[in-house]
Amino acid sequence: MDTSDSEGDSRKSNNKPKYSKFSQQELPACKPRLTPGTVVVAFSLIGVIFILIGLASLSASQEIVELVDRYDADCVPTGDKVGFIQNSETDKICTRTLTVPKHMKSPIHIYYQISGFYQNYRRYVKSRSDKQLRYKNDVHVTKDCHYEANTDDGAPIVPCGLIAWSMFNDTFAISVNKNTIEVNKKDIAWKSDKNNKFGSDIYPSNFQKGSLIGGAKLNESIPLSEQEDLIVWMRTAALPTFRKLYGRIETDIMANDQVTVVIQNNYNTYSFGGSKALVLSTTTWIGGKNNFIGVAYLTLGSLCLFLAMGFIVLYMVKRRTLGDPTYLSWNRDTLDHRY
Amino acid sequence: MGEDHGSSRHMSASQKELGDEDARVVRVGDTERTNERLEYAGNAVRTAKYSPFTFLPRNLFEQFHRLAYVYFLVIAVLNQLPQLAVFGRGASVMPLAFVLIVTAVKDAYEDWRRHRSDRAENNRFAAVLSPGAATQFPPTKWKHVRVGDVVRVTADESLPADMVLLATSDPTGVAYVQTLNLDGESNLKTRYAKQETLTTPPGQLTGAVIRCERPNRNIYGFQANLELEGENRRIPLGPSNIVLRGCELKNTTWAIGVVVYAGRETKAMLNNAGAPTKRSRLERQMNRETLFLSAILIVLCTVVAALSGVWLRTHETELELAQFFHKKDYLSDDKNSNYNYYGIAAQIVFAFLMAVIVFQIMIPISLYISMELVRLGQAYFMIRDTKLYDASSDSRFQCRSLNINEDLGEVKCVFSDKTGTLTQNKMEFRCASIEGVDYSDITRQQPAASDRIWVPKMPVSVDGELVELLTDGGETEQGRYAREFFLALATCNTIVPMILDGPEPENKVINYQGESPDEQALVSAAAAYGFVLVERTSGHIVIDVLGEKQRFDVLGLHEFDSDRKRMSVIIGYPDKTVKLFVKGADNSMFGVIDKTMNSDVVRATEKHLHSYSSLGLRTLVIGMRELSQAEFEEWQMAYEKASTALLGRGGLLRSVAANIERNLRLLGASGIEDKLQDGVPEAIEKLRQAGIKVWVLTGDKQETAISIGYSCKLLTNEMTQIVINSNSRDLCEKSLDDAISMVNKLQSLSTDSQARVPLALIIDGNSLVYIFDSYLEDKLFEVAIACDVVLCCRVAPLQKAGIVDLIKKRTSDMTLAIGDGANDVSMIQMADVGIGISGQEGRQAVMASDFAMGQFRFLVPLLLVHGHWNYQRMGYMILYNFYRNATFVFVLFWYVLYTGFTLTTAITEWSSVLYSVIYTAVPTIIVAIVDKDLGRRTLLKYPQLYGAGQREEGYNLRLFIIIMMDSIWQSLAIFFIPYLAYRKSTIDGASLGDLWTLAVVILVNIHLAMDVIRWNWITHVAIWGSIVATLICVMIIDSIPILPGFWAIYKVMGTGLFWALLLAVIVVGMIPHFAAKAIREHFIPNDIQIAREMEKSQDSHDATHPEIQLSTMARA
């Protein structure tokens, strides 16, 4: 054997693959395995952690005080709702009174909630020109808007598109116990949008001049980057029922205080059977009032603990020695006398 | 290629009767007239597929042969229609463009390399006779050489084209060529220039005309004749007169020839066509699942289209005023015209088509390119495996086909050639039977005397008694026949002796070069006994007979062919007697031997032959006849007539040979040993344990085959042998019926007893002829599958393919054929997987194979280790690719239900096109290349683990359905947990989309991570890196101010709810997979799982007892 080896070496054996741990597939590797221990520990650990998170988020959610007042039906006369809302001459003021059940700590967020409004409808969500909103030189780039893009004589509408055109235009004036409270409408939009997405040198023009009025009109002397209601509105909602921030109240409201809201009911949700509501809410780390996440975590945590117990029982009932060769199918076959 | 070999070669030649008008006319030295009709190819070659101009169209055309790519193209085109534009232009074309470009770059690089080698080849210089000159050969570029040119080649030069030899430096016209580049055979072949042209200066040959066959692929055949100017005689030219492009001239100072085939018409180039591409079984099965996915896709699209119709119908009256619909076009003059609204029916159709566009990645576009990359990685590991390297031939494993790596893990039936595959094909002369006396006693064997002048390179041990008989017993009858016997061995062959300087000045080493290892062994044996073949030219041979040089004229030679199974030479002795020596296979020889002449000897020899073949020796029978002058002359006339025939020459020569090869006197027989390759018995045992049936197909005699069967543990003593060797169809049928009833009886007996009686079927080529011609095939199949071992002996090359086909047609079993010679080519191509052994018999088997390696025993690591890995990896990768794309599509689908069925995606379009090519592509490829379910040691220790692949446990419909259900569950978790949490909130589409993107990517990567068995650093980098890369990509996309989702990811990541939801999604998504895995692994473990646990305990054992591990390593 030795002689043949040396002969092999003396001849050119340059084809011999070089040995490396990689090429021989022998890289050091760890081989985690699902032993009964790891399975039970994993489930128990997840169970405990989830129950803790669930409790924390549930308590955070319980802390939040949220008032929801749906006003669309009560703020129009019975009969031709669409006709009423479309008529620009009628008085659309509507006064609502709410009682605060619990102490609300400032800042209290004021949202409007619309349902049945598909801000994610394809022809709607695509109808915008982000270039036009951002760059002065691109104000004529209205191609992407498709609708409400240019006026009859071809001048670009700024901002163009269905989204801007359909901007929400109800207003809320709030007083607590007959004392008017100022609604802070500053910084309701994302700072990034104000600074980088909406140009500070672009002013609305030709806006809402068409034959069909979609919603709010804009003050043509304020640049887009300061039009915070527009910016909020143009962050299109993901789902057909959504809330948008209207403003903030910077003072606390005590329990049992009477909150009076004077609503200018301008926005037409009647044409598509949608609803409108006013929401007053405090916030914590979890955002708005949201019991779902807490309940979900508690359920999941319990399920995992239950599974852990189940596995313990199963492992106790059906024991198996790990790596016992008698379990190999061919060893079992000889016992079964198959064939 | 297969049809060029074996007996069919002669058939086709003799059946085709071509007239002169079909022949190619070459005018020697006159290229103008030769090429005036511009029908012959020039000598420039082109192996490159593309030119810079044709690259784009041709490459695209080839790529679009994949149906999936056409599908993606159609979708990209659909997307360009304004009504259907779901994605932006760039995003819609990106994925297809990406895979096309990656493939195109790969192809372009390969083609560039081919261009480079073509250019180098075409610009080499050859010495070409300048027109009109007598002996001037100015250098000419190869690409300018044309048919009809006279070319001079010097020693060690390559031949620029296929040329008929006109003259060589050797006075007898011999030239030696090495055909290494052509067929890989390293021995020298002799070629001859015709006597008639030998002495004429090349310039004066102008005007001679060669008529030859049209260009064909047969490198072993050539038919032509030469007509010299002013002579009416046609000189026959055969395969021995032509030298082929790609060969090198050796041991010859110079040679002059005329080009007859050039460029792409040369035999070398015609043989260059690649093997037909095979597709792996997994890939074929994958098509079934692709169809299922298409069905799911259509269902999803139909649901969306139908619901969108319903929605539009119920909201029809509201559409005009709803701010988000804005149905009327107020800019139009017609106040009633609609904007982008064509009625409900049209909207439904649009919705359907848009749904197809949005959900297109249900069919994973990156899967095909991933599979190619994975196979590349697997091929790398197979080629680099030091355990598949053969030191004796210095050859690595070769992956010639890159499409069927994973088939290696599913093989159920191995068809193996014997000679050169199970054995080394290094023949050694063992024993002889001369005149009925057996010289095989091992005790008398001794090394050949070393004090001789001539030392054959191959050492042979000799029988002392026989040596004595030859040297001293010259006058006895026995001694005379013994001399004739060895003279026959020394003359009756086509061996060329090459004389080299020996280690000591007084003796010379003779290297016998020839195409047949058997002949080399016989000639070496003759030399060892004192009959040394010293010199061979085309007309005579010189033999050193017991120290005295004698010259014999070779008057005629009938080459070996597989129909006659014998060869003969006609030798003119120095004393003018003429003798015919014939050697051949015993069944063919006993038909032409006159048994009345020495019946005792015949009987004794038959007995000896039987005992030789029982020892596993290859036997040859030698006979002779002295020819009378009249007989010789009659033969000579017939022979000349036959050999000058341009057409049907092979058949004519065969009948001339048959006429003279008769009434022979039996001289004796020889036994040659062909040693088993290393590790063959062990390898066969392992393969059998792995549940792989091994069939051996050999051209040897039945006894030889059985004895080899025993020595390589294919046959064992417990086996019941069923032997079928019959000479007629009826007898065959009867033996098959008997066999079937026997099989049934044994099976009914063994159902209740513990040990089953193993069966072996032994069948010979004759019976196969009858069986394949008739309805008996089914019966043979029935017997064959009941047997553990099948041994086919005396089979012709095409029968080998027929046997493979027998199994392939009737079962779905994966077949593998392994062989080393040209006769195995048809079988290798027929089988699902063809493996070539790069051994002694040239490279034809390798050229036709999918994989090539040096030793039979490498089959074990190849199948049991690499095959297993390849199969498990590829199977999982395909399933995973289906799963991860489906999960993403389902998430998109659930969202569509909340958008008024308008195919809006919350996930940005860039994320959805990058998802399958960037976000999740790398980990699955890496895992499919480097993950191992079991270690090499375990797989080799328990060959039964291979059964997982045979039972298709790594990829099947059940696994597909399970993983699809998992996919649906996970998509539900991904979609609905955030949905329920964010209902009635301020969440915007982009933020929710980003959450979904990250959730999908993390979930599918964790799913993969949970299935990874061995974590090394590469896996860690790929999986966690991929998640990080996704996050970075999402951040980059969200940093572009003119996209609607600007800054969303940064905003949403700042909220606690985001992280809480992500965690909940991952846990909810993984619980079923995790729990099912835990249950499966512990309560219903499969073999692989048990073996893995054993491996683990072995590892920990090794860790606590390192010294034991070291000692086992040392032994290994």
# chains A, B, ... in the order shown; residues from 1 in each chain; ligands from 1
call {"tool": "residues_around", "arguments": {"residues": "Glu316 of chain B", "least_positions_apart": "2", "cutoff": "10 Å", "atoms": "only C-alpha atoms", "output": "ChimeraX atom specification"}}
result
/A:272 /B:310-314,318-320,327,343-344
call {"tool": "write_last_selection", "arguments": {"atoms": "N, CA, C and O atoms", "output": "PDB file, in the first residue's frame"}}
result
ATOM      1  N   PHE A 272     -72.170  57.766   0.548  1.00  0.00           N
ATOM      2  CA  PHE A 272     -71.734  56.377   0.421  1.00  0.00           C
ATOM      3  C   PHE A 272     -72.086  55.555   1.667  1.00  0.00           C
ATOM      4  O   PHE A 272     -71.565  54.480   1.884  1.00  0.00           O
TER       5      PHE A 272
ATOM      6  N   VAL B 310     -69.584  42.119  -6.917  1.00  0.00           N
ATOM      7  CA  VAL B 310     -70.661  42.234  -5.936  1.00  0.00           C
ATOM      8  C   VAL B 310     -70.604  43.605  -5.261  1.00  0.00           C
ATOM      9  O   VAL B 310     -71.615  44.288  -5.079  1.00  0.00           O
ATOM     10  N   TRP B 311     -69.430  44.013  -4.894  1.00  0.00           N
ATOM     11  CA  TRP B 311     -69.267  45.294  -4.194  1.00  0.00           C
ATOM     12  C   TRP B 311     -69.745  46.444  -5.077  1.00  0.00           C
ATOM     13  O   TRP B 311     -70.497  47.325  -4.642  1.00  0.00           O
ATOM     14  N   LEU B 312     -69.300  46.423  -6.344  1.00  0.00           N
ATOM     15  CA  LEU B 312     -69.705  47.495  -7.248  1.00  0.00           C
ATOM     16  C   LEU B 312     -71.218  47.501  -7.439  1.00  0.00           C
ATOM     17  O   LEU B 312     -71.844  48.553  -7.494  1.00  0.00           O
ATOM     18  N   ARG B 313     -71.783  46.308  -7.511  1.00  0.00           N
ATOM     19  CA  ARG B 313     -73.219  46.204  -7.714  1.00  0.00           C
ATOM     20  C   ARG B 313     -73.971  46.822  -6.526  1.00  0.00           C
ATOM     21  O   ARG B 313     -74.886  47.608  -6.700  1.00  0.00           O
ATOM     22  N   THR B 314     -73.545  46.484  -5.312  1.00  0.00           N
ATOM     23  CA  THR B 314     -74.266  46.984  -4.143  1.00  0.00           C
ATOM     24  C   THR B 314     -74.014  48.464  -3.927  1.00  0.00           C
ATOM     25  O   THR B 314     -74.835  49.157  -3.347  1.00  0.00           O
ATOM     26  N   GLU B 318     -73.882  54.760  -5.252  1.00  0.00           N
ATOM     27  CA  GLU B 318     -73.087  55.677  -4.437  1.00  0.00           C
ATOM     28  C   GLU B 318     -71.816  56.149  -5.121  1.00  0.00           C
ATOM     29  O   GLU B 318     -71.162  57.089  -4.672  1.00  0.00           O
ATOM     30  N   LEU B 319     -71.465  55.443  -6.226  1.00  0.00           N
ATOM     31  CA  LEU B 319     -70.127  55.655  -6.772  1.00  0.00           C
ATOM     32  C   LEU B 319     -69.912  57.071  -7.286  1.00  0.00           C
ATOM     33  O   LEU B 319     -68.806  57.583  -7.274  1.00  0.00           O
ATOM     34  N   GLU B 320     -71.008  57.699  -7.712  1.00  0.00           N
ATOM     35  CA  GLU B 320     -70.837  59.011  -8.329  1.00  0.00           C
ATOM     36  C   GLU B 320     -70.359  60.053  -7.323  1.00  0.00           C
ATOM     37  O   GLU B 320     -69.513  60.879  -7.619  1.00  0.00           O
ATOM     38  N   LYS B 327     -66.787  58.760  -9.808  1.00  0.00           N
ATOM     39  CA  LYS B 327     -67.014  58.027 -11.044  1.00  0.00           C
ATOM     40  C   LYS B 327     -67.083  58.930 -12.281  1.00  0.00           C
ATOM     41  O   LYS B 327     -66.588  58.583 -13.339  1.00  0.00           O
ATOM     42  N   GLY B 343     -68.113  49.900 -16.630  1.00  0.00           N
ATOM     43  CA  GLY B 343     -69.221  48.995 -16.324  1.00  0.00           C
ATOM     44  C   GLY B 343     -68.739  47.824 -15.485  1.00  0.00           C
ATOM     45  O   GLY B 343     -67.558  47.503 -15.459  1.00  0.00           O
ATOM     46  N   ILE B 344     -69.668  47.187 -14.806  1.00  0.00           N
ATOM     47  CA  ILE B 344     -69.297  46.160 -13.841  1.00  0.00           C
ATOM     48  C   ILE B 344     -68.582  44.991 -14.500  1.00  0.00           C
ATOM     49  O   ILE B 344     -67.560  44.509 -14.014  1.00  0.00           O
TER      50      ILE B 344
END
call {"tool": "select_by_dssp", "arguments": {"residues": "segment 39-286 of chain A", "states": "strand (DSSP E or B)", "output": "VMD selection string"}}
result
chain A and resid 66 to 70 93 to 99 104 108 to 115 150 156 158 171 to 176 179 to 181 183 to 184 205 237 242 to 249 253 258 to 264 275 to 281 284
call {"tool": "residues_around", "arguments": {"residues": "Leu67 of chain A", "least_positions_apart": "3", "cutoff": "12 Å", "atoms": "only C-alpha atoms", "output": "short mmCIF file (atom, residue, chain, number, x, y, z; two decimals) with N, CA and C atoms, in the first residue's frame"}}
result
data_model
loop_
_atom_site.label_atom_id
_atom_site.label_comp_id
_atom_site.auth_asym_id
_atom_site.auth_seq_id
_atom_site.Cartn_x
_atom_site.Cartn_y
_atom_site.Cartn_z
N ILE A 64 -56.66 54.19 29.80
CA ILE A 64 -57.04 55.18 28.79
C ILE A 64 -58.52 55.48 28.90
N ARG A 70 -70.78 59.23 17.89
CA ARG A 70 -71.13 59.20 16.48
C ARG A 70 -72.20 60.25 16.25
N THR A 97 -73.31 67.13 23.39
CA THR A 97 -72.85 67.23 24.77
C THR A 97 -72.48 65.84 25.27
N LEU A 98 -71.30 65.75 25.85
CA LEU A 98 -70.81 64.46 26.34
C LEU A 98 -70.45 64.60 27.81
N THR A 99 -70.61 63.52 28.55
CA THR A 99 -70.21 63.52 29.95
C THR A 99 -68.96 62.66 30.09
N VAL A 100 -67.97 63.23 30.77
CA VAL A 100 -66.70 62.50 30.93
C VAL A 100 -66.83 61.55 32.11
N PRO A 101 -66.63 60.27 31.90
CA PRO A 101 -66.82 59.33 33.00
C PRO A 101 -65.66 59.32 33.99
N LYS A 102 -64.46 59.60 33.52
CA LYS A 102 -63.29 59.49 34.38
C LYS A 102 -62.40 60.67 34.11
N HIS A 103 -61.55 60.92 35.03
CA HIS A 103 -60.58 61.99 34.86
C HIS A 103 -59.72 61.75 33.62
N MET A 104 -59.66 62.78 32.77
CA MET A 104 -58.84 62.66 31.57
C MET A 104 -57.64 63.57 31.68
N ILE A 108 -55.22 65.53 25.76
CA ILE A 108 -56.35 64.73 25.29
C ILE A 108 -56.43 64.90 23.77
N HIS A 109 -56.40 63.77 23.07
CA HIS A 109 -56.40 63.83 21.60
C HIS A 109 -57.83 63.85 21.08
N ILE A 110 -58.03 64.73 20.10
CA ILE A 110 -59.32 64.78 19.45
C ILE A 110 -59.17 64.14 18.07
N TYR A 111 -59.95 63.08 17.81
CA TYR A 111 -59.91 62.42 16.52
C TYR A 111 -61.26 62.53 15.87
N TYR A 112 -61.28 62.46 14.56
CA TYR A 112 -62.54 62.16 13.90
C TYR A 112 -62.42 60.75 13.34
N GLN A 113 -63.50 60.00 13.43
CA GLN A 113 -63.48 58.62 12.95
C GLN A 113 -64.50 58.49 11.84
N ILE A 253 -59.46 67.14 31.90
CA ILE A 253 -60.91 67.25 32.08
C ILE A 253 -61.28 66.32 33.22
N GLN A 258 -69.03 68.24 31.80
CA GLN A 258 -69.82 68.23 30.57
C GLN A 258 -68.98 68.82 29.45
N VAL A 259 -68.77 68.06 28.40
CA VAL A 259 -68.02 68.56 27.24
C VAL A 259 -69.04 68.87 26.15
N ALA A 277 -67.67 60.03 13.51
CA ALA A 277 -67.74 60.10 14.97
C ALA A 277 -66.62 60.99 15.47
N LEU A 278 -66.87 61.56 16.64
CA LEU A 278 -65.85 62.36 17.30
C LEU A 278 -65.28 61.52 18.43
N VAL A 279 -63.96 61.54 18.58
CA VAL A 279 -63.32 60.73 19.61
C VAL A 279 -62.44 61.62 20.46
N LEU A 280 -62.61 61.55 21.78
CA LEU A 280 -61.69 62.20 22.71
C LEU A 280 -60.99 61.09 23.46
N SER A 281 -59.65 61.13 23.47
CA SER A 281 -58.95 60.01 24.08
C SER A 281 -57.62 60.45 24.65
N THR A 282 -57.28 59.83 25.80
CA THR A 282 -55.92 60.00 26.32
C THR A 282 -55.08 58.88 25.72
N GLY A 288 -53.85 54.19 21.50
CA GLY A 288 -55.22 54.43 21.95
C GLY A 288 -55.77 53.26 22.73
N LYS A 289 -57.05 53.38 23.09
CA LYS A 289 -57.65 52.30 23.88
C LYS A 289 -57.69 51.04 23.03
#
call {"tool": "residues_around", "arguments": {"residues": "Asp144 of chain A", "least_positions_apart": "5", "cutoff": "7 Å", "atoms": "only C-alpha atoms", "output": "list in words"}}
result
Ser127, Arg128 and Ser129 of chain A
call {"tool": "residues_around", "arguments": {"residues": "segment 142-153 of chain B", "least_positions_apart": "4", "cutoff": "8 Å", "atoms": "only C-alpha atoms", "output": "ChimeraX atom specification"}}
result
/B:26-31,34-35,40-45,121-129,137,157-160,202,249,254-263
call {"tool": "closest_residue", "arguments": {"among": "A:Asn206, A:Thr251, A:Asn120, A:Ser275", "to": "chain B", "atoms": "only C-alpha atoms"}}
result
A:Asn120
call {"tool": "residues_around", "arguments": {"residues": "Tyr124 of chain A", "least_positions_apart": "2", "cutoff": "12 Å", "atoms": "only C-alpha atoms", "output": "MDAnalysis selection string"}}
result
(chainID A and resid 117:122 126:129 144:148 160:166 234 236:237) or (chainID B and resid 322:327 340 899:900 902:904)
call {"tool": "atom_distance", "arguments": {"atom1": "atom CA of Gln829 of chain B", "atom2": "atom CA of Arg400 of chain B"}}
result
12.7 Å
call {"tool": "residues_around", "arguments": {"residues": "Arg235 of chain A", "least_positions_apart": "6", "cutoff": "12 Å", "atoms": "only C-alpha atoms", "output": "PyMOL selection string"}}
result
(chain A and resi 119-120+125+128+130+163-164+167+188-190+192-194+197-198+228-229+242-245) or (chain B and resi 986-992+1043-1048)
